>>> print(open('protein_21.cif').read())   # mmCIF, C-alpha atoms
data_protein
loop_
_atom_site.label_atom_id
_atom_site.label_comp_id
_atom_site.auth_asym_id
_atom_site.auth_seq_id
_atom_site.Cartn_x
_atom_site.Cartn_y
_atom_site.Cartn_z
CA MET R 17 36.17 -12.12 -17.50
CA LYS R 18 33.25 -14.11 -18.87
CA ARG R 19 32.64 -15.63 -15.45
CA LEU R 20 32.58 -12.19 -13.87
CA LEU R 21 30.02 -10.96 -16.42
CA LEU R 22 27.91 -14.08 -15.88
CA ILE R 23 27.95 -13.62 -12.11
CA PHE R 24 27.05 -9.95 -12.49
CA ALA R 25 24.17 -10.83 -14.83
CA ILE R 26 22.79 -13.44 -12.42
CA LEU R 27 23.02 -11.07 -9.45
CA SER R 28 21.27 -8.29 -11.34
CA VAL R 29 18.41 -10.61 -12.33
CA PHE R 30 17.87 -11.66 -8.72
CA SER R 31 18.06 -8.11 -7.41
CA PHE R 32 15.18 -7.00 -9.66
CA ALA R 33 13.03 -10.08 -9.10
CA LYS R 34 9.90 -9.72 -7.03
CA GLY R 35 9.29 -12.03 -4.13
CA PRO R 36 5.96 -13.53 -3.12
CA GLN R 37 5.28 -10.74 -0.61
CA ASP R 38 5.81 -8.06 -3.28
CA ILE R 39 3.34 -9.76 -5.60
CA ILE R 40 0.68 -9.95 -2.87
CA GLU R 41 1.34 -6.32 -1.91
CA ASP R 42 0.85 -5.22 -5.53
CA LYS R 43 -2.32 -7.31 -5.81
CA ILE R 44 -3.83 -5.71 -2.70
CA GLU R 45 -2.86 -2.22 -3.89
CA ASN R 46 -4.55 -2.84 -7.25
CA GLN R 47 -7.65 -4.26 -5.58
CA LEU R 48 -7.88 -1.20 -3.30
CA ARG R 49 -7.42 1.09 -6.30
CA VAL R 50 -10.48 -0.51 -7.94
CA ASP R 51 -12.63 -0.93 -4.80
CA LEU R 52 -12.06 2.60 -3.49
CA SER R 53 -12.37 4.42 -6.81
CA ASN R 54 -16.04 5.15 -5.99
CA VAL R 55 -15.32 6.16 -2.39
CA ILE R 56 -12.32 8.49 -2.86
CA ASP R 57 -12.65 11.11 -5.61
CA TYR R 58 -9.06 12.35 -5.43
CA LYS R 59 -5.72 11.26 -6.82
CA VAL R 60 -4.64 8.49 -4.47
CA ASP R 61 -1.45 6.51 -3.89
CA TYR R 62 -1.64 3.16 -2.09
CA ASP R 63 1.25 1.52 -0.27
CA VAL R 64 0.90 -1.92 1.31
CA ASP R 65 3.71 -3.50 3.33
CA ILE R 66 3.53 -7.06 4.66
CA TYR R 67 5.75 -8.42 7.38
CA SER R 68 4.89 -11.86 8.72
CA ASP R 69 1.28 -11.56 9.99
CA ARG R 70 1.37 -7.73 10.10
CA VAL R 71 0.06 -5.53 7.30
CA ASN R 72 0.54 -1.77 6.98
CA VAL R 73 -1.73 0.05 4.54
CA GLU R 74 -0.99 3.69 3.75
CA ILE R 75 -3.36 5.72 1.60
CA GLU R 76 -2.03 9.11 0.45
CA ILE R 77 -4.58 11.53 -0.95
CA ASP R 78 -3.39 14.45 -3.08
CA SER R 79 -5.56 17.40 -2.09
CA PHE R 80 -5.20 21.11 -1.32
CA LYS R 81 -7.86 21.09 1.40
CA GLU R 82 -8.82 18.34 3.80
CA PRO R 83 -11.02 15.81 1.99
CA THR R 84 -14.28 14.51 3.40
CA LEU R 85 -14.11 10.72 3.37
CA ASN R 86 -16.26 7.82 4.49
CA TYR R 87 -13.76 5.98 6.67
CA SER R 88 -16.08 3.05 7.40
CA LYS R 89 -16.22 2.19 3.68
CA ILE R 90 -12.46 2.55 3.44
CA ILE R 91 -11.98 0.20 6.42
CA ASP R 92 -14.40 -2.35 4.94
CA SER R 93 -12.58 -2.33 1.58
CA VAL R 94 -9.17 -2.66 3.22
CA LEU R 95 -10.32 -5.54 5.43
CA LYS R 96 -11.92 -7.33 2.47
CA ALA R 97 -8.80 -6.97 0.31
CA ILE R 98 -6.50 -8.20 3.06
CA LYS R 99 -8.66 -11.10 4.23
CA ASN R 100 -9.03 -12.31 0.62
CA ASN R 101 -5.27 -12.32 0.05
CA ILE R 102 -3.78 -12.84 3.53
CA PRO R 103 -6.27 -14.73 5.75
CA GLU R 104 -3.64 -15.21 8.48
CA ALA R 105 -3.12 -11.43 8.96
CA LYS R 106 -3.66 -10.50 12.60
CA ASP R 107 -2.40 -6.94 12.89
CA ILE R 108 -3.58 -4.45 10.27
CA ASN R 109 -2.57 -0.80 10.52
CA LEU R 110 -4.41 1.68 8.30
CA VAL R 111 -3.12 5.22 7.78
CA VAL R 112 -4.86 7.80 5.59
CA LYS R 113 -2.74 10.87 4.82
CA GLN R 114 -3.33 14.11 3.00
CA ASP R 115 -0.38 14.72 0.71
CA LYS R 116 0.06 18.49 0.57
CA ASP R 117 2.12 20.20 -2.11
CA ILE R 118 3.39 22.73 0.40
CA GLY R 119 4.25 21.73 3.95
CA GLU R 120 4.19 18.38 5.68
CA ASP R 121 1.70 15.59 5.09
CA LYS R 122 -1.25 15.52 7.46
CA ILE R 123 -2.48 12.27 9.00
CA LEU R 124 -6.25 12.19 8.61
CA PHE R 125 -6.90 8.73 10.01
CA ASN R 126 -4.81 6.11 11.79
CA LYS R 127 -6.24 2.90 13.21
CA ASN R 128 -5.23 -0.67 14.01
CA ILE R 129 -7.95 -2.93 12.73
#
>>> encode(input="protein_21.cif", output="structure tokens")
Amino acid sequence: MKRLLLIFAILSVFSFAKGPQDIIEDKIENQLRVDLSNVIDYKVDYDVDIYSDRVNVEIEIDSFKEPTLNYSKIIDSVLKAIKNNIPEAKDINLVVKQDKDIGEDKILFNKNI
């Protein structure tokens, strides 16, 4: 019984542990949160996913009406954050969405950079 509890405890520790990719993803999300706080004046949720040399960045903006954004500044901030943390990244996909309370989300911007 003690062995079973020990095995369960070890497995639960490893299941909640963050890997190196998760740490880098969180670091980029936090950097974007700081860098884009002056560019985007809405409640924003950042999601960064890294797979090998591919990076997907999704920015969800909570807004009732379509926000006016400076996409060139957003692209510059995303590129800077990724190149500082993942210099070997070759394929970067950026998606900016409007998160509506009612209805489906609307894609405002989608670009491979």
>>> resolve_selection(input="protein_21.cif", expression="the PyMOL selection byres ((chain R and resi 97) around 9)", output="list in words")
Lys43, Ile44, Glu45, Gln47, Leu48, Asp51, Asp92, Ser93, Val94, Leu95, Lys96, Ile98, Lys99, Asn100, Asn101 and Ile102 of chain R
>>> atom_distance(input="protein_21.cif", atom1="atom CA of R:Thr84", atom2="atom CA of R:Asn72")
22.3 Å
>>> residues_around(input="protein_21.cif", residues="R:Gln114", least_positions_apart="4", cutoff="7 Å", atoms="only C-alpha atoms", output="short mmCIF file (atom, residue, chain, number, x, y, z; two decimals) with C-alpha atoms, in the frame of the given file")
data_model
loop_
_atom_site.label_atom_id
_atom_site.label_comp_id
_atom_site.auth_asym_id
_atom_site.auth_seq_id
_atom_site.Cartn_x
_atom_site.Cartn_y
_atom_site.Cartn_z
CA GLU R 76 -2.03 9.11 0.45
CA ILE R 77 -4.58 11.53 -0.95
CA ASP R 78 -3.39 14.45 -3.08
CA SER R 79 -5.56 17.40 -2.09
CA GLU R 82 -8.82 18.34 3.80
CA ASP R 121 1.70 15.59 5.09
CA LYS R 122 -1.25 15.52 7.46
CA ILE R 123 -2.48 12.27 9.00
CA LEU R 124 -6.25 12.19 8.61
#
>>> residues_around(input="protein_21.cif", residues="R:Lys106", least_positions_apart="6", cutoff="10 Å", atoms="all atoms listed in the file", output="PyMOL selection string")
chain R and resi 68-71+99+129
>>> atom_distance(input="protein_21.cif", atom1="atom CA of R:Pro103", atom2="atom CA of R:Ile66")
12.5 Å
>>> resolve_selection(input="protein_21.cif", expression="the PyMOL selection byres ((chain R and resi 61) around 12)", output="number ranges by chain")
R: 45-46, 48-49, 52-53, 56, 58-60, 62-64, 73-79, 111-115
>>> closest_residue(input="protein_21.cif", among="R:Ile39, R:Val50, R:Ala105, R:Val55", to="R:Lys89", atoms="all atoms listed in the file")
R:Val55
>>> resolve_selection(input="protein_21.cif", expression="the PyMOL selection byres ((chain R and resi 128) around 7)", output="PyMOL selection string")
chain R and resi 107-110+127+129
>>> atom_distance(input="protein_21.cif", atom1="atom CA of R:Tyr67", atom2="atom CA of R:Ile40")
11.5 Å
>>> closest_residue(input="protein_21.cif", among="R:Asp57, R:Glu41, R:Asp117, R:Asp65", to="R:Phe80", atoms="only C-alpha atoms")
R:Asp117
>>> decode(input="protein_21.cif", residues="stretch 51-107 of chain R", atoms="C-alpha atoms", output="PDB file, in the first residue's frame")
ATOM      1  CA  ASP R  51       5.238  45.486 -23.903  1.00  0.00           C
ATOM      2  CA  LEU R  52       1.721  45.765 -25.332  1.00  0.00           C
ATOM      3  CA  SER R  53       0.090  47.394 -22.308  1.00  0.00           C
ATOM      4  CA  ASN R  54       0.587  50.814 -23.960  1.00  0.00           C
ATOM      5  CA  VAL R  55      -0.593  49.626 -27.384  1.00  0.00           C
ATOM      6  CA  ILE R  56      -3.772  47.718 -26.449  1.00  0.00           C
ATOM      7  CA  ASP R  57      -6.147  49.482 -24.050  1.00  0.00           C
ATOM      8  CA  TYR R  58      -8.482  46.523 -23.535  1.00  0.00           C
ATOM      9  CA  LYS R  59      -8.539  43.423 -21.369  1.00  0.00           C
ATOM     10  CA  VAL R  60      -6.255  41.017 -23.200  1.00  0.00           C
ATOM     11  CA  ASP R  61      -5.420  37.326 -22.918  1.00  0.00           C
ATOM     12  CA  TYR R  62      -2.183  36.032 -24.447  1.00  0.00           C
ATOM     13  CA  ASP R  63      -1.565  32.430 -25.463  1.00  0.00           C
ATOM     14  CA  VAL R  64       1.811  31.306 -26.806  1.00  0.00           C
ATOM     15  CA  ASP R  65       2.401  27.752 -28.037  1.00  0.00           C
ATOM     16  CA  ILE R  66       5.829  26.487 -29.095  1.00  0.00           C
ATOM     17  CA  TYR R  67       6.406  23.384 -31.149  1.00  0.00           C
ATOM     18  CA  SER R  68       9.943  22.785 -32.374  1.00  0.00           C
ATOM     19  CA  ASP R  69      10.822  25.907 -34.424  1.00  0.00           C
ATOM     20  CA  ARG R  70       7.175  27.001 -34.809  1.00  0.00           C
ATOM     21  CA  VAL R  71       5.506  29.549 -32.542  1.00  0.00           C
ATOM     22  CA  ASN R  72       1.795  30.365 -32.411  1.00  0.00           C
ATOM     23  CA  VAL R  73       0.804  33.590 -30.674  1.00  0.00           C
ATOM     24  CA  GLU R  74      -2.884  34.239 -30.025  1.00  0.00           C
ATOM     25  CA  ILE R  75      -4.039  37.556 -28.614  1.00  0.00           C
ATOM     26  CA  GLU R  76      -7.679  37.662 -27.468  1.00  0.00           C
ATOM     27  CA  ILE R  77      -9.145  41.103 -26.849  1.00  0.00           C
ATOM     28  CA  ASP R  78     -12.302  41.420 -24.745  1.00  0.00           C
ATOM     29  CA  SER R  79     -14.387  44.117 -26.408  1.00  0.00           C
ATOM     30  CA  PHE R  80     -18.011  44.764 -27.358  1.00  0.00           C
ATOM     31  CA  LYS R  81     -17.128  46.577 -30.584  1.00  0.00           C
ATOM     32  CA  GLU R  82     -14.210  46.039 -32.924  1.00  0.00           C
ATOM     33  CA  PRO R  83     -11.106  47.686 -31.444  1.00  0.00           C
ATOM     34  CA  THR R  84      -8.816  49.954 -33.431  1.00  0.00           C
ATOM     35  CA  LEU R  85      -5.288  48.618 -33.078  1.00  0.00           C
ATOM     36  CA  ASN R  86      -1.848  49.424 -34.408  1.00  0.00           C
ATOM     37  CA  TYR R  87      -0.913  46.035 -35.838  1.00  0.00           C
ATOM     38  CA  SER R  88       2.614  47.084 -36.838  1.00  0.00           C
ATOM     39  CA  LYS R  89       3.472  47.804 -33.177  1.00  0.00           C
ATOM     40  CA  ILE R  90       1.911  44.504 -32.152  1.00  0.00           C
ATOM     41  CA  ILE R  91       3.986  42.636 -34.764  1.00  0.00           C
ATOM     42  CA  ASP R  92       7.175  44.411 -33.660  1.00  0.00           C
ATOM     43  CA  SER R  93       6.558  43.521 -29.998  1.00  0.00           C
ATOM     44  CA  VAL R  94       5.773  39.893 -30.815  1.00  0.00           C
ATOM     45  CA  LEU R  95       8.878  39.537 -32.994  1.00  0.00           C
ATOM     46  CA  LYS R  96      11.084  41.135 -30.329  1.00  0.00           C
ATOM     47  CA  ALA R  97       9.723  38.880 -27.574  1.00  0.00           C
ATOM     48  CA  ILE R  98      10.148  35.730 -29.643  1.00  0.00           C
ATOM     49  CA  LYS R  99      13.593  36.543 -31.033  1.00  0.00           C
ATOM     50  CA  ASN R 100      14.851  37.340 -27.509  1.00  0.00           C
ATOM     51  CA  ASN R 101      13.641  33.999 -26.135  1.00  0.00           C
ATOM     52  CA  ILE R 102      13.658  31.660 -29.157  1.00  0.00           C
ATOM     53  CA  PRO R 103      16.261  32.839 -31.707  1.00  0.00           C
ATOM     54  CA  GLU R 104      15.863  29.637 -33.753  1.00  0.00           C
ATOM     55  CA  ALA R 105      12.128  30.240 -34.395  1.00  0.00           C
ATOM     56  CA  LYS R 106      11.431  30.182 -38.132  1.00  0.00           C
ATOM     57  CA  ASP R 107       7.654  30.071 -38.413  1.00  0.00           C
TER      58      ASP R 107
END
